[in-house]
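Student: Quick one: the structure is below, questions incoming.
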Amino acid sequence: MRILILGAGKMGSFFGDVLSFDHELAVFDVDPQKLRFIYNTVRMSDPREIADFNPELVINAATVKYTIDAFKTILPYISKDCIISDIASVKTGLKEFYATVDQPFASSHPMFGPTFADLRNLSTQSAIVISESSPKGKEFFLNLYNSLNLRVFEYTFEEHDETIAYSLSIPFASTLVFTSVMKHQEAPGTTFKRHMDIAKGLLSEDDYLLTEILFNPYTPAQVEGIRKELKLLLEIIENKDSTAMLQFLTKARQNIADKELDK
C-alpha cells in the first residue's frame, strides 16, 4: 500500500520503521528538522506534495493535541477512498470527527510507548482496534499488530475510554501523588528509585496527553477507588491493626495473582 504517516515523532518514526520495507511510505511533518533521520520513505513538509503521492492509508501519529488539526490539514489532498486512521491514546472528539468526513476510517491504540516499552520485543504489550472502524482499515491494523506479537483487542470507542480510565488513569494518578509528596533522599531505597524512574518517564510525556487521559469521563471513579483504599490503609496504619493489614496484603497479592492469570 501507499501509506502516509503524519508526524515524525517517536510513534511516527516507529511505524515508519515497521512499515517502510513492506509498503511505499511517506512521512509528513510541518517541521522539516524532524524528518532528518527518517529513512526508506518519501519525506514531505508541504501538504501539497501529498496529492502526488496519493496515499491509500493515512496513519495520524501527530501529538494528541493536534490529531484532528493534522487530519484537516491533509484532507484536501487525499482521495475519498483513502483510509484515514489514528493511533491516539485519547479518542476524545474523534468518533464525532470521523462522522463528518467522506473517507473510511480506522482507529486503534498501540498501548505501549517508546518511554517504557522495548520496541524490539512487544510480546508483553497490547493494542486496541476500535470495532467501528471500516472493515479494510480494521483488517490492516489487526494484521499489523498481530505480526508484532501484540495482544490485540477489539473495543468500541466507549469501551476503549473505559479501559484507558482503568489501565492508564490509575497508574498516572498514583505516580503523580507519589511525586507530589516526594522529598530529597540521600540514600533512596530500591523501590523508591524504581518509582522515581517511572515518574521521570511519565512526566516526560506531553502535558496535554496526561491532562486528557486524566480528564477522561471514566477517570474520577477510578481515582475515587484509590482514595477509598488509601483511606482504609491509613486507618490500618494509625490503628496498628495487624489483622487488617494482613487482610489488606492478602487482597493485594490476590489481585496480582488474578492479573497474572489474565495474561
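As shown in the C-alpha cells, the chain order sets the letters A, B, ...; within each chain, residues go from 1, and ligands are also counted from 1 in the order they appear.
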When DSSP works through the backbone of this structure, what residues of region 29-61 of chain A end up as strand (DSSP E or B), shown as JSON, numbers by chain?

Tutor: {"A": [42, 43, 44, 57, 58, 59, 60]}

Student: Quick one: residues within 9 Å of region 120-136 of chain A, only C-alpha atoms, excluding same-chain residues fewer than 6 positions away - as a PDB file with N, CA and C atoms, in the first residue's frame?

Tutor:
```pdb
ATOM      1  N   ILE A  83      -8.126   5.568   3.326  1.00  0.00           N
ATOM      2  CA  ILE A  83      -8.489   5.294   4.721  1.00  0.00           C
ATOM      3  C   ILE A  83      -7.692   6.228   5.619  1.00  0.00           C
ATOM      4  N   SER A  85      -6.623   7.130   9.526  1.00  0.00           N
ATOM      5  CA  SER A  85      -6.567   6.392  10.792  1.00  0.00           C
ATOM      6  C   SER A  85      -5.793   7.172  11.841  1.00  0.00           C
ATOM      7  N   PRO A 104     -13.271   6.547   4.573  1.00  0.00           N
ATOM      8  CA  PRO A 104     -13.398   5.494   5.589  1.00  0.00           C
ATOM      9  C   PRO A 104     -12.318   5.702   6.653  1.00  0.00           C
ATOM     10  N   PHE A 105     -12.551   5.214   7.860  1.00  0.00           N
ATOM     11  CA  PHE A 105     -11.582   5.454   8.927  1.00  0.00           C
ATOM     12  C   PHE A 105     -11.228   4.158   9.654  1.00  0.00           C
ATOM     13  N   ALA A 106     -10.110   4.222  10.349  1.00  0.00           N
ATOM     14  CA  ALA A 106      -9.707   3.160  11.269  1.00  0.00           C
ATOM     15  C   ALA A 106      -9.088   3.839  12.489  1.00  0.00           C
ATOM     16  N   SER A 107      -9.434   3.343  13.652  1.00  0.00           N
ATOM     17  CA  SER A 107      -8.885   3.907  14.883  1.00  0.00           C
ATOM     18  C   SER A 107      -8.317   2.772  15.723  1.00  0.00           C
ATOM     19  N   SER A 108      -7.128   2.992  16.253  1.00  0.00           N
ATOM     20  CA  SER A 108      -6.519   1.967  17.099  1.00  0.00           C
ATOM     21  C   SER A 108      -5.661   2.641  18.159  1.00  0.00           C
ATOM     22  N   HIS A 109      -5.207   1.847  19.098  1.00  0.00           N
ATOM     23  CA  HIS A 109      -4.377   2.378  20.176  1.00  0.00           C
ATOM     24  C   HIS A 109      -3.317   1.348  20.541  1.00  0.00           C
ATOM     25  N   PRO A 110      -2.093   1.514  20.034  1.00  0.00           N
ATOM     26  CA  PRO A 110      -0.998   0.662  20.495  1.00  0.00           C
ATOM     27  C   PRO A 110      -0.669   1.046  21.934  1.00  0.00           C
ATOM     28  N   MET A 111      -0.958   0.165  22.878  1.00  0.00           N
ATOM     29  CA  MET A 111      -0.877   0.527  24.294  1.00  0.00           C
ATOM     30  C   MET A 111       0.525   0.325  24.849  1.00  0.00           C
ATOM     31  N   PHE A 112       1.458   0.913  24.158  1.00  0.00           N
ATOM     32  CA  PHE A 112       2.842   0.937  24.598  1.00  0.00           C
ATOM     33  C   PHE A 112       3.431   2.222  24.066  1.00  0.00           C
ATOM     34  N   LEU A 142      -5.362  -5.012  12.551  1.00  0.00           N
ATOM     35  CA  LEU A 142      -5.351  -6.311  13.228  1.00  0.00           C
ATOM     36  C   LEU A 142      -4.170  -7.144  12.739  1.00  0.00           C
ATOM     37  N   TYR A 145      -0.751  -5.500  14.053  1.00  0.00           N
ATOM     38  CA  TYR A 145      -0.461  -5.708  15.466  1.00  0.00           C
ATOM     39  C   TYR A 145      -0.213  -7.181  15.781  1.00  0.00           C
ATOM     40  N   LEU A 148       3.283  -8.091  15.054  1.00  0.00           N
ATOM     41  CA  LEU A 148       4.227  -7.592  16.061  1.00  0.00           C
ATOM     42  C   LEU A 148       4.134  -8.375  17.363  1.00  0.00           C
ATOM     43  N   ASN A 149       3.312  -9.440  17.347  1.00  0.00           N
ATOM     44  CA  ASN A 149       3.120 -10.313  18.527  1.00  0.00           C
ATOM     45  C   ASN A 149       2.460  -9.594  19.698  1.00  0.00           C
ATOM     46  N   LEU A 150       1.687  -8.560  19.387  1.00  0.00           N
ATOM     47  CA  LEU A 150       0.930  -7.867  20.433  1.00  0.00           C
ATOM     48  C   LEU A 150      -0.332  -8.650  20.781  1.00  0.00           C
ATOM     49  N   ARG A 151      -0.812  -8.461  21.986  1.00  0.00           N
ATOM     50  CA  ARG A 151      -2.142  -8.955  22.353  1.00  0.00           C
ATOM     51  C   ARG A 151      -3.137  -7.921  21.843  1.00  0.00           C
ATOM     52  N   VAL A 152      -4.041  -8.328  20.978  1.00  0.00           N
ATOM     53  CA  VAL A 152      -4.917  -7.377  20.291  1.00  0.00           C
ATOM     54  C   VAL A 152      -6.366  -7.576  20.745  1.00  0.00           C
ATOM     55  N   PHE A 153      -7.040  -6.454  21.022  1.00  0.00           N
ATOM     56  CA  PHE A 153      -8.424  -6.480  21.470  1.00  0.00           C
ATOM     57  C   PHE A 153      -9.251  -5.546  20.596  1.00  0.00           C
ATOM     58  N   GLU A 154     -10.485  -5.907  20.364  1.00  0.00           N
ATOM     59  CA  GLU A 154     -11.418  -5.047  19.633  1.00  0.00           C
ATOM     60  C   GLU A 154     -12.418  -4.446  20.613  1.00  0.00           C
ATOM     61  N   TYR A 155     -12.435  -3.117  20.715  1.00  0.00           N
ATOM     62  CA  TYR A 155     -13.356  -2.411  21.591  1.00  0.00           C
ATOM     63  C   TYR A 155     -14.057  -1.308  20.811  1.00  0.00           C
ATOM     64  N   THR A 156     -15.229  -0.921  21.278  1.00  0.00           N
ATOM     65  CA  THR A 156     -15.877   0.269  20.753  1.00  0.00           C
ATOM     66  C   THR A 156     -15.146   1.503  21.294  1.00  0.00           C
ATOM     67  N   PHE A 157     -15.473   2.675  20.747  1.00  0.00           N
ATOM     68  CA  PHE A 157     -14.877   3.903  21.273  1.00  0.00           C
ATOM     69  C   PHE A 157     -15.147   4.019  22.778  1.00  0.00           C
ATOM     70  N   GLU A 159     -15.910   1.615  24.992  1.00  0.00           N
ATOM     71  CA  GLU A 159     -15.183   0.591  25.747  1.00  0.00           C
ATOM     72  C   GLU A 159     -13.697   0.939  25.849  1.00  0.00           C
ATOM     73  N   HIS A 160     -13.158   1.538  24.794  1.00  0.00           N
ATOM     74  CA  HIS A 160     -11.762   1.972  24.831  1.00  0.00           C
ATOM     75  C   HIS A 160     -11.550   2.987  25.944  1.00  0.00           C
ATOM     76  N   LYS A 263      -3.040 -13.062  31.778  1.00  0.00           N
ATOM     77  CA  LYS A 263      -2.041 -12.946  30.695  1.00  0.00           C
ATOM     78  C   LYS A 263      -2.147 -14.131  29.748  1.00  0.00           C
TER      79      LYS A 263
END
```

Student: Please list as an NGL selection string every residue within 12 Å of Ile84 (chain A), counting only C-alpha atoms and excluding residues in the same chain fewer than 4 positions away.

Tutor: :A and (3-6 or 55-61 or 67-68 or 70-72 or 74-75 or 78-80 or 94 or 97-98 or 101-108 or 133-134 or 136-138 or 140)

Student: Could you tell me how far CA of Pro171 (chain A) lies from CA of Tyr208 (chain A), in Å and to one decimal?

Tutor: 16.9 Å

Student: Separation of CA of Thr73 (chain A) and CA of Val18 (chain A), in Å?

Tutor: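 Here the two named atoms are 24.7 Å from each other.
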
Student: Between CA of Leu144 (chain A) and CA of Pro76 (chain A), what is the spacing in Å?

Tutor: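 Between CA of Pro76 (chain A) and CA of Leu144 (chain A) the gap works out to 27.3 Å.
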
Student: Using only C-alpha atoms, which residue out of A:Leu214, A:Ala187, A:Met44, A:Ala221 lies closest to Val30 (chain A)?

Tutor: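 Closest residue, counting only C-alpha atoms: A:Met44.
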
Student: Give me, as a list in words, all polymer residues having an atom no more than 12 Å from Thr175 (chain A), counting only C-alpha atoms and skipping those fewer than 4 positions away in the same chain.

Tutor: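 My list of contacting residues is Leu168, Ser169, Ile170, Pro171, Thr179, Ser180, Val181, Met182, Phe192, Arg194, His195, Met196, Asp197, Ile198, Ala199, Lys200, Gly201, Leu202, Leu203, Leu210, Val223 and Ile226 of chain A.
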
Student: Write out as a ChimeraX atom specification all residues of region 47-106 of chain A that backbone DSSP assigns to alpha helix (DSSP H).

Tutor: /A:49-53,67-74,94-98

Student: Next, dump the selected residues to file, keeping only N, CA and C atoms, as a compact mmCIF listing (two decimals), in the first residue's frame.

Tutor:
```txt
# COMPACT_ATOMS: atom_id res chain seq x y z
N GLU A 49 2.35 18.28 -1.50
CA GLU A 49 3.08 17.12 -2.03
C GLU A 49 2.29 15.84 -1.87
N ILE A 50 1.34 15.83 -0.94
CA ILE A 50 0.59 14.63 -0.62
C ILE A 50 -0.26 14.18 -1.81
N ALA A 51 -0.80 15.13 -2.55
CA ALA A 51 -1.67 14.80 -3.68
C ALA A 51 -0.95 13.93 -4.71
N ASP A 52 0.31 14.24 -4.99
CA ASP A 52 1.08 13.45 -5.95
C ASP A 52 1.35 12.04 -5.43
N PHE A 53 1.56 11.92 -4.13
CA PHE A 53 1.81 10.60 -3.54
C PHE A 53 0.55 9.74 -3.56
N THR A 67 -4.22 16.02 16.71
CA THR A 67 -4.66 14.92 15.86
C THR A 67 -5.69 15.36 14.83
N ILE A 68 -6.74 16.01 15.28
CA ILE A 68 -7.80 16.42 14.35
C ILE A 68 -7.32 17.53 13.43
N ASP A 69 -6.52 18.46 13.95
CA ASP A 69 -5.98 19.52 13.10
C ASP A 69 -5.11 18.94 11.99
N ALA A 70 -4.34 17.90 12.31
CA ALA A 70 -3.48 17.26 11.29
C ALA A 70 -4.34 16.64 10.20
N PHE A 71 -5.43 16.00 10.59
CA PHE A 71 -6.35 15.45 9.58
C PHE A 71 -6.88 16.56 8.67
N LYS A 72 -7.31 17.65 9.27
CA LYS A 72 -7.89 18.74 8.48
C LYS A 72 -6.88 19.33 7.50
N THR A 73 -5.60 19.31 7.88
CA THR A 73 -4.56 19.84 7.00
C THR A 73 -4.43 19.03 5.72
N ILE A 74 -4.56 17.71 5.83
CA ILE A 74 -4.27 16.86 4.66
C ILE A 74 -5.52 16.40 3.91
N LEU A 94 -12.86 12.17 18.34
CA LEU A 94 -12.52 11.50 17.08
C LEU A 94 -13.72 10.80 16.45
N LYS A 95 -14.55 10.16 17.25
CA LYS A 95 -15.73 9.49 16.70
C LYS A 95 -16.62 10.51 15.98
N GLU A 96 -16.81 11.67 16.60
CA GLU A 96 -17.62 12.72 16.01
C GLU A 96 -16.96 13.28 14.75
N PHE A 97 -15.62 13.41 14.77
CA PHE A 97 -14.91 13.92 13.60
C PHE A 97 -15.06 12.97 12.42
N TYR A 98 -14.86 11.68 12.65
CA TYR A 98 -14.95 10.71 11.56
C TYR A 98 -16.33 10.71 10.90
```

Student: For Asp161 (chain A), which residue out of A:Phe215, A:Phe37, A:Phe178, A:Phe141 is the nearest one, using only C-alpha atoms?

Tutor: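 So, comparing all the options, the nearest one is A:Phe215.
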
Student: Which one of A:Ala8, A:Leu232, A:Leu176, A:Ala62 sits closest to Ala244 (chain A) if you count only C-alpha atoms?

Tutor: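 Answer, going by the shortest atom-to-atom distance: A:Leu232.
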